[in-house]
Number of protein chains: 2
Amino acid sequence: MAALTVPGGLPDDVPEWKRQTVDRSLQKARLRAQQRLQGFVDAAIELMTEQAGTDFTVQEIVDRSRMSTRSFYSFFESKENLLVAVYETVVASQVVPRLRALCAAQSDPLDAVRAYVYGLQEMTASNRPAARALTTFSLRLAETRPESLERAVRPQIELLTELLAVAAAAERTDSPLGAAQNARLIHNCVIAAVHAQILTPNLGDSVTAEELWIFCAQPLRVTETREVSASV
Amino acid sequence: MAALTVPGGLPDDVPEWKRQTVDRSLQKARLRAQQRLQGFVDAAIELMTEQAGTDFTVQEIVDRSRMSTRSFYSFFESKENLLVAVYETVVASQVVPRLRALCAAQSDPLDAVRAYVYGLQEMTASNRPAARALTTFSLRLAETRPESLERAVRPQIELLTELLAVAAAAERTDSPLGAAQNARLIHNCVIAAVHAQILTPNLGDSVTAEELWIFCAQPLRVTETREVSASV
DNA sequence: CCATCTGGGAAAGTACGGTTCTCCTCATTG
DNA sequence: CAATGAGGAGAACCGTACTTTCCCAGATGG
C-alpha cells in the first residue's frame with residue numbers, strides 16, 4: 001500500500017506558500033525518487049516478460065535496475081508489494097484504456113459490451129509472456145491479498161458497469177439483475193474462462209470467445225430493438 | 001502424483017496366483033503404509049481446520065501425526081503434494097457425493113441443476129475453516145499446478161455435465177452450447193462467485209445464490225414445458 | 001537362535017530467497 | 001568547509017522446505 005503512494009506527498013492542510021516552497025526544494029528529490037521507482041517497476045516488467053513469471057529474485061530486480069536492495073526496500077515494503085504495484089499500473093494504464101477505446105468505437109451499446117468481452121478475453125488470454133505472467137499473478141493475488149486485487153480490478157469493472165447501465169437505459173437488455181451484479185458476474189465468467197484457457201490450454205472442451213459471449217449475453221436478455229429503433 | 005497412488009499397487013498384467021501371493025505377503029506392510037498415509041492426511045486436515053489455511057509447516061504435520069520428516073517425504077514428494085492429495089480426497093469423497101445426493105433428490109432435471117448450483121455455492125462458501133482453506137488453496141493450485149486442479153475437479157464437472165445432458169435430453173433447456181461447455185461455464189461462474197464472496201466478504205455488490213442461479217440459468221434458455229409435460 | 005537386512009524414527013544439516021543491517025560515499029546546503 | 005542525510009554495496013540474518021546421516025527394532029532366512 002504505502003509503496004503505491006509516491007513518496008514526497010504532503011498533507012492537504014498546509015499553507016499554500018509553505019507547500020510551494022517545500023515543493024520546490026523537494027522537486028528534484030521527488031523527480032529522482034519517481035525515476036528510481038519507475039526503474040524498479042520497469043525492471044520487474046522486463047523480468048516478467050523474459051521469464052514469463054514472477055519467480056525472479058529481488059536481487060535480479062536490484063541488479064537490473066542498477067540499484068541497491070536498501071533502496072528497494074525503502075520504496076516497497078516487500079517484493080509482493082512491487083508486484084501489486086506493477087499489476088495496478090498495467091491494469092490502469094494499459095488494459096482499461098484499451099478496453100475503453102474498443103468500446104467507444106461501437107455505436108450500439110450492446111456491441112460495446114461485446115467488444116469488452118472479446119477485448120478482455122483477447123488481451124489477457126494472449127500468449128505474450130507479460131500478459132500470461134500477470135494473469136497468473138492475479139490468481140496468487142486473489143489468494144493472498146484479495147483486497148489488492150479487488151482494488152486493482154475495480155476500474156475495469158466500473159467500465160463494464162457503465163456499459164451495461166447504458167445498454168439497459170437504451171432498453172437493449174432486459175435483465176432481472178442490476179448492472180453492477182451483471183458486471184461482476186460477466187467479469188468473473190470472462191476471467192475464469194481466460195484462466196482455464198491459459199492454464200490448461202490443451203483441454204478438449206475449452207471455451208471459445210464466441211461461446212463465452214453467447215453464454216454471457218443470454219442473461220442480459222437481449223431485446224431485438226434494432227428494427228424498431230431503425231423504423232422510428 | 002506418485003503420492004496419490006497408494007504404495008503397494010501392482011501392474012495389471014501379473015498372473016493372478018502370483019499377485020495373490022505377493023499381495024498376501026505385503027498386506028500387513030501395505031496396511032501400515034495406508035494407515036501412516038492417512039495419518040498425514042488427517043493431520044493436514046486438522047491443521048487446515050484449526051488455522052484456516054495452509055500455512056502450517058511440515059514440522060507441524062510431522063509432530064501431529066507422530067511421525068518423522070523422513071517418512072513424510074517417503075510418502076509425499078513435497079508439502080504441496082500432500083495438499084493436492086488432501087484436496088483431491090475431499091472433493092472425491094465429500095463434495096461430489098453430497099452434490100450427487102442433492103441432485104438425485106430432485107425429480108425435474110432442471111431442479112437438479114439448480115440444486116447443484118445452490119449446493120456447491122453453499123458448500124464452498126460456508127464459513128467452516130476447512131472449506132475456506134480448501135477453496136483458498138484451490139486458487140494457489142490454479143496458479144502453480146493447473147493440471148492437478150483440473151484433475152481434482154473433473155469428477156465434479158462431469159456430474160454437472162451429466163445433469164445438463166439429462167436436462168437437454170428432456171428438452172427442459174434449449175441452449176446453443178453443448179452440455180460440456182455449459183458445465184464448464186457454469187462451474188466457472190459458481191466458483192468465481194464463491195471466491196469473490198469468500199475473499200472479499202464485505203463488498204457492497206456481492207452476488208447472492210439466487211442471483212447466481214438466475215444468471216447461470218438464463219444461458220440454458222429454460223423452456224417452460226412443465227404444463228405441457230403435465231398435460232401429456 | 002543368530003545373522004542380516006530393511007523400513008523408518010530422530011535430528012542435524014543444506015539451500016535458497018526475502019529481509020535487514022552496517023558501513024561508507026558523496027551530493028547538498030547553510 | 002563542515003554537517004547532514006540519502007542512498008549504494010553487499011554481508012548477515014532468518015525462516016522454511018527439503019536432505020542426509022545415523023541408528024535401531026523388528027522381520028526374515030538359515
# chains A, B, ... in the order shown; residues from 1 in each chain; ligands from 1
call {"tool": "residues_around", "arguments": {"residues": "B:Ala112", "least_positions_apart": "2", "cutoff": "10 Å", "atoms": "only C-alpha atoms (C1' of nucleotides)", "output": "MDAnalysis selection string"}}
result
chainID B and resid 99:110 114:118 160 163:164 166:167
call {"tool": "select_by_dssp", "arguments": {"residues": "stretch 14-114 of chain A", "states": "alpha helix (DSSP H)", "output": "ChimeraX atom specification"}}
result
/A:16-51,58-64,69-75,79-90,96-104,109-114
call {"tool": "calpha_fit_and_write", "arguments": {"fixed": "chain A", "moving": "chain B", "output": "compact mmCIF listing (two decimals) with C-alpha atoms, in the first residue's frame"}}
result
# COMPACT_ATOMS: atom_id res chain seq x y z
CA MET B 1 0.13 -0.08 0.08
CA ALA B 2 2.57 2.59 1.13
CA ALA B 3 4.59 1.65 -1.90
CA LEU B 4 1.79 2.70 -4.18
CA THR B 5 1.68 6.25 -2.89
CA VAL B 6 4.39 8.18 -4.65
CA PRO B 7 6.74 9.46 -1.95
CA GLY B 8 6.74 13.18 -1.43
CA GLY B 9 3.00 13.67 -1.45
CA LEU B 10 1.65 16.26 0.95
CA PRO B 11 -1.59 16.38 2.91
CA ASP B 12 -4.28 18.52 1.36
CA ASP B 13 -4.79 20.96 4.23
CA VAL B 14 -1.48 22.80 3.86
CA PRO B 15 -1.47 26.49 2.86
CA GLU B 16 -0.80 26.92 -0.80
CA TRP B 17 2.33 29.07 -0.52
CA LYS B 18 3.85 26.66 1.96
CA ARG B 19 3.07 23.73 -0.24
CA GLN B 20 4.62 25.39 -3.23
CA THR B 21 7.77 26.28 -1.36
CA VAL B 22 8.20 22.81 0.02
CA ASP B 23 7.33 21.41 -3.35
CA ARG B 24 10.01 23.46 -4.98
CA SER B 25 12.61 22.39 -2.48
CA LEU B 26 11.61 18.79 -2.93
CA GLN B 27 11.08 18.67 -6.64
CA LYS B 28 14.49 17.35 -7.52
CA ALA B 29 14.42 14.75 -4.80
CA ARG B 30 10.95 13.68 -5.78
CA LEU B 31 11.91 13.45 -9.41
CA ARG B 32 14.86 11.24 -8.61
CA ALA B 33 12.70 9.12 -6.35
CA GLN B 34 10.10 8.67 -9.08
CA GLN B 35 12.76 7.74 -11.55
CA ARG B 36 14.17 5.14 -9.22
CA LEU B 37 10.72 3.78 -8.46
CA GLN B 38 10.02 3.56 -12.15
CA GLY B 39 13.33 1.79 -12.59
CA PHE B 40 12.21 -0.95 -10.24
CA VAL B 41 8.86 -1.30 -11.92
CA ASP B 42 10.42 -1.38 -15.37
CA ALA B 43 12.96 -3.96 -14.31
CA ALA B 44 10.20 -6.11 -12.87
CA ILE B 45 8.18 -5.90 -16.07
CA GLU B 46 11.22 -6.83 -18.10
CA LEU B 47 11.92 -9.83 -15.93
CA MET B 48 8.29 -10.90 -16.01
CA THR B 49 8.37 -10.70 -19.77
CA GLU B 50 11.61 -12.60 -20.14
CA GLN B 51 10.85 -15.35 -17.68
CA ALA B 52 7.08 -15.42 -18.18
CA GLY B 53 6.54 -15.48 -14.47
CA THR B 54 7.28 -13.88 -11.15
CA ASP B 55 9.95 -16.29 -10.03
CA PHE B 56 12.79 -13.85 -10.34
CA THR B 57 14.56 -12.89 -7.14
CA VAL B 58 14.78 -9.48 -5.57
CA GLN B 59 18.47 -9.65 -6.32
CA GLU B 60 17.74 -9.82 -10.02
CA ILE B 61 15.50 -6.78 -9.85
CA VAL B 62 18.18 -4.92 -7.97
CA ASP B 63 20.93 -5.87 -10.40
CA ARG B 64 18.83 -5.06 -13.41
CA SER B 65 17.81 -1.67 -12.13
CA ARG B 66 21.36 -0.86 -10.99
CA MET B 67 20.24 -0.20 -7.48
CA SER B 68 20.62 -1.72 -4.06
CA THR B 69 18.42 -3.95 -1.99
CA ARG B 70 18.34 -1.22 0.58
CA SER B 71 16.76 1.19 -1.89
CA PHE B 72 14.38 -1.50 -2.97
CA TYR B 73 13.06 -1.99 0.51
CA SER B 74 12.91 1.72 1.12
CA PHE B 75 10.40 1.90 -1.73
CA PHE B 76 8.58 -1.38 -1.42
CA GLU B 77 7.71 -3.11 1.77
CA SER B 78 8.14 -6.48 0.09
CA LYS B 79 8.61 -8.12 -3.25
CA GLU B 80 4.91 -8.87 -3.25
CA ASN B 81 4.24 -5.17 -2.93
CA LEU B 82 6.25 -4.41 -6.01
CA LEU B 83 4.28 -6.98 -7.96
CA VAL B 84 1.02 -5.47 -6.79
CA ALA B 85 2.26 -2.07 -7.91
CA VAL B 86 3.16 -3.49 -11.30
CA TYR B 87 -0.23 -5.12 -11.61
CA GLU B 88 -2.15 -2.00 -10.66
CA THR B 89 -0.04 0.07 -13.00
CA VAL B 90 -0.60 -2.20 -15.97
CA VAL B 91 -4.34 -2.50 -15.41
CA ALA B 92 -4.83 1.22 -14.95
CA SER B 93 -2.51 2.43 -17.69
CA GLN B 94 -2.85 -0.32 -20.29
CA VAL B 95 -5.85 -2.56 -19.94
CA VAL B 96 -8.58 -0.12 -18.99
CA PRO B 97 -7.66 2.56 -21.56
CA ARG B 98 -7.54 0.00 -24.35
CA LEU B 99 -10.86 -1.47 -23.37
CA ARG B 100 -12.34 1.97 -23.13
CA ALA B 101 -11.13 2.78 -26.62
CA LEU B 102 -12.51 -0.45 -28.02
CA CYS B 103 -15.90 0.16 -26.48
CA ALA B 104 -16.03 3.80 -27.47
CA ALA B 105 -15.66 2.75 -31.08
CA GLN B 106 -19.04 1.00 -30.96
CA SER B 107 -22.22 2.89 -31.59
CA ASP B 108 -24.63 0.33 -30.18
CA PRO B 109 -24.35 0.00 -26.39
CA LEU B 110 -24.61 -3.75 -26.58
CA ASP B 111 -21.85 -3.93 -29.14
CA ALA B 112 -19.76 -2.02 -26.64
CA VAL B 113 -20.33 -4.74 -24.08
CA ARG B 114 -19.43 -7.37 -26.62
CA ALA B 115 -16.30 -5.43 -27.52
CA TYR B 116 -15.41 -5.41 -23.84
CA VAL B 117 -15.76 -9.17 -23.50
CA TYR B 118 -13.87 -9.94 -26.68
CA GLY B 119 -11.23 -7.35 -25.91
CA LEU B 120 -10.60 -8.52 -22.39
CA GLN B 121 -10.47 -12.14 -23.44
CA GLU B 122 -8.08 -11.36 -26.27
CA MET B 123 -5.89 -9.15 -24.14
CA THR B 124 -5.45 -11.42 -21.16
CA ALA B 125 -5.50 -14.72 -22.98
CA SER B 126 -2.80 -13.63 -25.37
CA ASN B 127 0.37 -15.61 -25.33
CA ARG B 128 2.55 -12.60 -24.62
CA PRO B 129 4.65 -13.65 -21.65
CA ALA B 130 3.90 -10.47 -19.75
CA ALA B 131 0.14 -10.95 -20.08
CA ARG B 132 0.49 -14.54 -19.08
CA ALA B 133 2.62 -13.68 -16.09
CA LEU B 134 0.25 -11.00 -14.91
CA THR B 135 -2.81 -13.18 -15.34
CA THR B 136 -1.14 -15.93 -13.39
CA PHE B 137 -0.07 -13.48 -10.78
CA SER B 138 -3.63 -12.31 -10.35
CA LEU B 139 -4.45 -15.80 -9.11
CA ARG B 140 -1.82 -15.59 -6.43
CA LEU B 141 -3.09 -12.16 -5.55
CA ALA B 142 -6.59 -13.55 -5.20
CA GLU B 143 -5.23 -16.00 -2.69
CA THR B 144 -2.90 -13.84 -0.67
CA ARG B 145 -4.31 -10.31 -0.95
CA PRO B 146 -7.80 -10.32 -2.29
CA GLU B 147 -8.32 -6.68 -1.34
CA SER B 148 -5.38 -5.61 -3.45
CA LEU B 149 -6.69 -7.53 -6.42
CA GLU B 150 -10.12 -6.08 -5.87
CA ARG B 151 -8.74 -2.58 -5.85
CA ALA B 152 -6.60 -3.11 -8.90
CA VAL B 153 -9.47 -4.53 -10.89
CA ARG B 154 -12.12 -2.09 -9.74
CA PRO B 155 -11.68 0.48 -12.53
CA GLN B 156 -12.11 -2.31 -15.03
CA ILE B 157 -15.35 -3.46 -13.46
CA GLU B 158 -16.57 0.09 -13.20
CA LEU B 159 -16.11 0.49 -16.91
CA LEU B 160 -18.17 -2.61 -17.55
CA THR B 161 -20.83 -1.44 -15.12
CA GLU B 162 -21.12 1.83 -17.02
CA LEU B 163 -21.48 -0.01 -20.30
CA LEU B 164 -24.20 -2.23 -18.91
CA ALA B 165 -26.01 0.70 -17.37
CA VAL B 166 -26.01 2.46 -20.71
CA ALA B 167 -27.26 -0.65 -22.47
CA ALA B 168 -30.00 -1.04 -19.89
CA ALA B 169 -30.96 2.63 -20.15
CA ALA B 170 -31.20 2.27 -23.91
CA GLU B 171 -33.44 -0.71 -23.26
CA ARG B 172 -31.16 -2.94 -25.23
CA THR B 173 -31.22 -5.40 -22.35
CA ASP B 174 -33.82 -6.54 -19.90
CA SER B 175 -31.96 -8.30 -17.16
CA PRO B 176 -33.55 -9.03 -13.80
CA LEU B 177 -30.21 -8.13 -12.22
CA GLY B 178 -28.63 -4.74 -11.76
CA ALA B 179 -25.73 -3.44 -13.81
CA ALA B 180 -23.27 -3.87 -10.95
CA GLN B 181 -24.24 -7.49 -10.40
CA ASN B 182 -24.14 -8.30 -14.07
CA ALA B 183 -20.80 -6.57 -14.41
CA ARG B 184 -19.29 -8.64 -11.66
CA LEU B 185 -20.75 -11.87 -12.94
CA ILE B 186 -19.66 -11.25 -16.51
CA HIS B 187 -16.25 -10.19 -15.36
CA ASN B 188 -15.94 -13.37 -13.34
CA CYS B 189 -16.99 -15.44 -16.31
CA VAL B 190 -14.48 -13.90 -18.64
CA ILE B 191 -11.64 -14.04 -16.19
CA ALA B 192 -12.35 -17.62 -15.18
CA ALA B 193 -12.55 -18.65 -18.82
CA VAL B 194 -9.26 -16.94 -19.53
CA HIS B 195 -7.63 -18.66 -16.58
CA ALA B 196 -8.82 -22.01 -17.79
CA GLN B 197 -7.60 -21.24 -21.27
CA ILE B 198 -4.18 -20.08 -20.18
CA LEU B 199 -3.54 -22.67 -17.55
CA THR B 200 -4.83 -25.76 -19.27
CA PRO B 201 -4.53 -24.88 -22.93
CA ASN B 202 -4.65 -28.43 -24.22
CA LEU B 203 -8.04 -29.26 -22.84
CA GLY B 204 -10.60 -30.67 -25.22
CA ASP B 205 -13.67 -28.74 -24.27
CA SER B 206 -12.23 -25.32 -23.67
CA VAL B 207 -14.36 -22.31 -24.29
CA THR B 208 -13.99 -19.95 -27.23
CA ALA B 209 -14.59 -16.21 -27.19
CA GLU B 210 -17.83 -16.62 -29.12
CA GLU B 211 -19.17 -19.22 -26.74
CA LEU B 212 -18.16 -17.04 -23.86
CA TRP B 213 -20.05 -14.11 -25.31
CA ILE B 214 -23.07 -16.20 -26.11
CA PHE B 215 -23.13 -17.42 -22.55
CA CYS B 216 -22.62 -14.01 -20.99
CA ALA B 217 -25.06 -12.25 -23.28
CA GLN B 218 -28.02 -14.48 -22.54
CA PRO B 219 -28.51 -13.35 -18.95
CA LEU B 220 -28.81 -9.80 -20.27
CA ARG B 221 -31.95 -10.84 -22.14
CA VAL B 222 -31.07 -8.88 -25.19
CA THR B 223 -34.12 -7.21 -26.69
CA GLU B 224 -34.02 -6.92 -30.42
CA THR B 225 -34.89 -3.27 -30.75
CA ARG B 226 -32.66 -2.68 -33.72
CA GLU B 227 -35.52 -2.62 -36.23
CA VAL B 228 -37.75 -0.69 -33.88
CA SER B 229 -35.24 2.02 -33.15
CA ALA B 230 -34.36 2.18 -36.84
CA SER B 231 -37.98 2.66 -37.76
CA VAL B 232 -38.52 5.34 -35.15
call {"tool": "closest_atom_pairs", "arguments": {"of": "chain C", "to": "chain B", "cutoff": "12 Å", "atoms": "only C-alpha atoms (C1' of nucleotides)", "output": "JSON lines"}}
result
{"residue": "C:DG7", "atom": "C1'", "partner": "B:Ser71", "partner_atom": "CA", "distance": 9.5}
{"residue": "C:DG8", "atom": "C1'", "partner": "B:Ser71", "partner_atom": "CA", "distance": 6.7}
{"residue": "C:DG9", "atom": "C1'", "partner": "B:Ser68", "partner_atom": "CA", "distance": 6.0}
{"residue": "C:DA10", "atom": "C1'", "partner": "B:Ser68", "partner_atom": "CA", "distance": 7.5}
{"residue": "C:DA11", "atom": "C1'", "partner": "B:Ser68", "partner_atom": "CA", "distance": 9.6}
call {"tool": "interface_residues", "arguments": {"of": "chain D", "to": "chain B", "cutoff": "12 Å", "atoms": "only C-alpha atoms (C1' of nucleotides)", "output": "NGL selection string"}}
result
:D and (15-21 or 27-28)
call {"tool": "atom_distance", "arguments": {"atom1": "atom C1' of D:DC13", "atom2": "atom C1' of C:DC24"}}
result
20.8 Å
call {"tool": "residues_around", "arguments": {"residues": "D:DA3", "least_positions_apart": "5", "cutoff": "12 Å", "atoms": "only C-alpha atoms (C1' of nucleotides)", "output": "list in words"}}
result
DT28, DT29 and DG30 of chain C
call {"tool": "atom_distance", "arguments": {"atom1": "atom C1' of C:DT25", "atom2": "atom C1' of D:DA12"}}
result
21.0 Å
call {"tool": "atom_distance", "arguments": {"atom1": "atom C1' of D:DC1", "atom2": "atom C1' of C:DC23"}}
result
23.8 Å
